[in-house]
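One structure is given below, encoded as structure tokens.
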Amino acid sequence: MTGRGRRAILPPADHRTEPPLAPDGLVVTVVNKAGYEMAFDFAELPVAEAMQRSLAAVFAIRSAGWNSHETARASWVTVKMFARFVAELEHPPQDLGDLTPAMLKRWRARHIGTNSGKSVLRQVRPLLRADPRLAGGPVGEELARRIPKTVPVKQSYGKEERERVVRVAQRQFRTALLRIRENTALLERWRAGDLEEGSRDWRLGQVLDHLAQTGYVPHTVMPSGEFVKNHKLLGGTSPENTWGRLFLSRSELTALGVLLTDRFGWNLSVYDRLPAPTTAPSAGSTATVTYLVQIEKRRQGGGRWFSTENITDSGADSSGRLITQALEATAHGRALVHRLAPDNNLLMVARMHYPQAEAPAHGTASPGGPLRLRHRQR
């Protein structure tokens, strides 16, 4: 029965839930409430294989209560921290059962002095205690030691500080919006055939079309194997001159988040789940557009997580103008994400940049390549 007394819809009779731990004992898959999978490979950890398998097993046990990829990712980060700590010991244990109270005292001492460290201890402790070998005895007693409460350090911005933060975010996002708008106009002229073939603008339009389709600027592979890009045509090698012509960077996306929070009062957790707003007819007016924005507020409790806000763009000073600009700035990123993963339609998209990596030879977005679009679904 559901919480309201109605009979819940049962799955098919032949339905079987896949276990989170893969048969090899090294990969744990977490499925979030939207049905998306995220895999965590414990073979990547710098510890003995036996400990990799034991950590994967307790991680799988804990994951049974998770329906958020953010929760799983946060736990994974702390598991990696613990694995690095173990690997740095003078005599690294081969398995969880080889941990000693002295080792755990050192682990505690490393983190107990800061709020973030206490959070790490709280994340790792239930994972370790899920292993029966660590549930009792001196090791279990060490794990059971009280972790002091965190000391509040957050302080709200004063009015002047807040205004200064918003002004910086406005400048950063507007610069990005104007850059993307200018390059989008050039791309549309190229696609419409309005540019003289062979001219500088025509060649730039060709580059932008390739960038929009793949996420990379085109390049040539020399006989030496070196990648040669059109840096002279593009005006430089910075993101603003290359992939940033059509995509927001992570810091620019953060600036957009600051402006949305300032305008609408949404908290940080909203943005990872925020679908691209849709439009609704504006009664009696063709000069305005009303957006339907679906907001998910997980802290409201089951059954009350979702709400819809109607936000109207009626001019430069209206709240809806920021939504219009956000859709414009993320348009190419969302289109590329939709081609790579058609089920995703989130608003907050940015291009991830890894300086040490280069694009594949033909500029395609291979699953293991360096192209990443920040477009998460928890």
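By convention here, the chains of the structure tokens are called A, B, ... in the order presented, each chain's residues are numbered starting at 1, and ligands are numbered starting at 1 in the order presented.
When DSSP is run on the backbone, the residues of range 110-308 of chain A that fall into strand (DSSP E or B) are A:His219, A:Thr220, A:Val221, A:Phe227, A:Val228, A:Lys229, A:Pro275, A:Thr278, A:Thr279, A:Ala280, A:Val289, A:Thr290, A:Tyr291, A:Leu292, A:Val293, A:Gln294, A:Ile295, A:Glu296, A:Phe306, A:Ser307, A:Thr308.
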Could you turn the residues from that selection into a file that holds N, CA and C atoms, as an mmCIF file, in the first residue's frame?
```
data_model
loop_
_atom_site.group_PDB
_atom_site.id
_atom_site.type_symbol
_atom_site.label_atom_id
_atom_site.label_comp_id
_atom_site.auth_asym_id
_atom_site.auth_seq_id
_atom_site.Cartn_x
_atom_site.Cartn_y
_atom_site.Cartn_z
ATOM 1 N N HIS A 219 40.814 19.951 -36.029
ATOM 2 C CA HIS A 219 42.274 20.030 -36.034
ATOM 3 C C HIS A 219 42.811 19.036 -37.051
ATOM 4 N N THR A 220 44.086 19.177 -37.331
ATOM 5 C CA THR A 220 44.759 18.308 -38.281
ATOM 6 C C THR A 220 45.820 17.497 -37.545
ATOM 7 N N VAL A 221 45.943 16.241 -37.891
ATOM 8 C CA VAL A 221 46.983 15.394 -37.316
ATOM 9 C C VAL A 221 48.172 15.380 -38.281
ATOM 10 N N PHE A 227 48.882 17.288 -32.869
ATOM 11 C CA PHE A 227 47.608 17.923 -33.197
ATOM 12 C C PHE A 227 47.866 19.386 -33.535
ATOM 13 N N VAL A 228 47.388 19.847 -34.662
ATOM 14 C CA VAL A 228 47.511 21.241 -35.056
ATOM 15 C C VAL A 228 46.111 21.812 -35.223
ATOM 16 N N LYS A 229 45.779 22.790 -34.404
ATOM 17 C CA LYS A 229 44.458 23.398 -34.479
ATOM 18 C C LYS A 229 44.549 24.763 -35.171
ATOM 19 N N PRO A 275 15.164 20.804 -14.810
ATOM 20 C CA PRO A 275 14.945 20.609 -16.247
ATOM 21 C C PRO A 275 14.947 21.955 -16.968
ATOM 22 N N THR A 278 10.110 25.074 -19.913
ATOM 23 C CA THR A 278 9.282 25.071 -21.110
ATOM 24 C C THR A 278 8.447 26.342 -21.125
ATOM 25 N N THR A 279 7.842 26.635 -22.260
ATOM 26 C CA THR A 279 7.076 27.873 -22.382
ATOM 27 C C THR A 279 5.583 27.580 -22.386
ATOM 28 N N ALA A 280 4.833 28.550 -21.914
ATOM 29 C CA ALA A 280 3.374 28.471 -21.923
ATOM 30 C C ALA A 280 2.842 29.740 -22.578
ATOM 31 N N VAL A 289 6.863 36.124 -22.778
ATOM 32 C CA VAL A 289 6.896 34.664 -22.758
ATOM 33 C C VAL A 289 6.908 34.221 -21.305
ATOM 34 N N THR A 290 6.104 33.222 -21.002
ATOM 35 C CA THR A 290 6.028 32.694 -19.642
ATOM 36 C C THR A 290 6.658 31.311 -19.615
ATOM 37 N N TYR A 291 7.582 31.108 -18.708
ATOM 38 C CA TYR A 291 8.276 29.833 -18.582
ATOM 39 C C TYR A 291 7.664 29.026 -17.438
ATOM 40 N N LEU A 292 7.544 27.730 -17.674
ATOM 41 C CA LEU A 292 7.151 26.797 -16.626
ATOM 42 C C LEU A 292 8.428 26.145 -16.113
ATOM 43 N N VAL A 293 8.785 26.425 -14.871
ATOM 44 C CA VAL A 293 10.028 25.930 -14.277
ATOM 45 C C VAL A 293 9.674 24.891 -13.221
ATOM 46 N N GLN A 294 10.144 23.659 -13.412
ATOM 47 C CA GLN A 294 9.882 22.578 -12.460
ATOM 48 C C GLN A 294 10.984 22.554 -11.407
ATOM 49 N N ILE A 295 10.614 22.741 -10.176
ATOM 50 C CA ILE A 295 11.567 22.800 -9.072
ATOM 51 C C ILE A 295 11.409 21.561 -8.210
ATOM 52 N N GLU A 296 12.522 20.916 -7.910
ATOM 53 C CA GLU A 296 12.508 19.759 -7.017
ATOM 54 C C GLU A 296 13.168 20.161 -5.704
ATOM 55 N N PHE A 306 8.028 18.295 -5.621
ATOM 56 C CA PHE A 306 7.991 18.981 -6.907
ATOM 57 C C PHE A 306 6.985 20.138 -6.881
ATOM 58 N N SER A 307 7.399 21.232 -7.486
ATOM 59 C CA SER A 307 6.501 22.365 -7.663
ATOM 60 C C SER A 307 6.827 23.023 -8.994
ATOM 61 N N THR A 308 5.879 23.753 -9.532
ATOM 62 C CA THR A 308 6.075 24.451 -10.797
ATOM 63 C C THR A 308 5.920 25.943 -10.570
#
```
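For Thr312 in chain A, the residues within 9 Å (counting only C-alpha atoms, excluding itself and residues fewer than 2 positions away along the chain) are Ser282, Thr288, Val289, Thr290, Tyr291, Leu292, Asn310, Ser314, Gly315, Ser318, Ser319, Gly320, Arg321 and Ile323 of chain A.
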Picked from range 154-367 of chain A by DSSP as alpha helix (DSSP H), as a PyMOL selection string: chain A and resi 159-191+200-214+231-234+250-264+320-340
10 Å contact set for Pro148 in chain A, only C-alpha atoms, chain neighbours under 3 positions out, as a VMD selection string: chain A and resid 112 to 113 115 118 145 151
Preceding selection exported with C-alpha atoms as a PDB file, in the first residue's frame:
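Output file part-v6.pdb is given in full below:
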```pdb
ATOM      1  CA  ILE A 112      39.392  14.898  13.605  1.00  0.00           C
ATOM      2  CA  GLY A 113      40.723  18.454  13.690  1.00  0.00           C
ATOM      3  CA  ASN A 115      34.828  20.027  10.112  1.00  0.00           C
ATOM      4  CA  LYS A 118      34.888  14.935  10.784  1.00  0.00           C
ATOM      5  CA  ARG A 145      34.518   6.315  19.360  1.00  0.00           C
ATOM      6  CA  VAL A 151      31.758  23.740  14.761  1.00  0.00           C
TER       7      VAL A 151
END
```
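Rounded to one decimal, CA of Leu186 in chain A and CA of Leu260 in chain A lie 28.1 Å from each other.
Minimum atom-to-atom distance to Thr29 in chain A, evaluated using only C-alpha atoms, belongs to A:Ala64 out of A:Arg129, A:Ala64, A:Ala43, A:Gln170.
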A:Leu204, A:Leu21, A:Leu121, A:Val168 ranked by distance to Ala57 in chain A, top pick (using only C-alpha atoms): A:Leu21
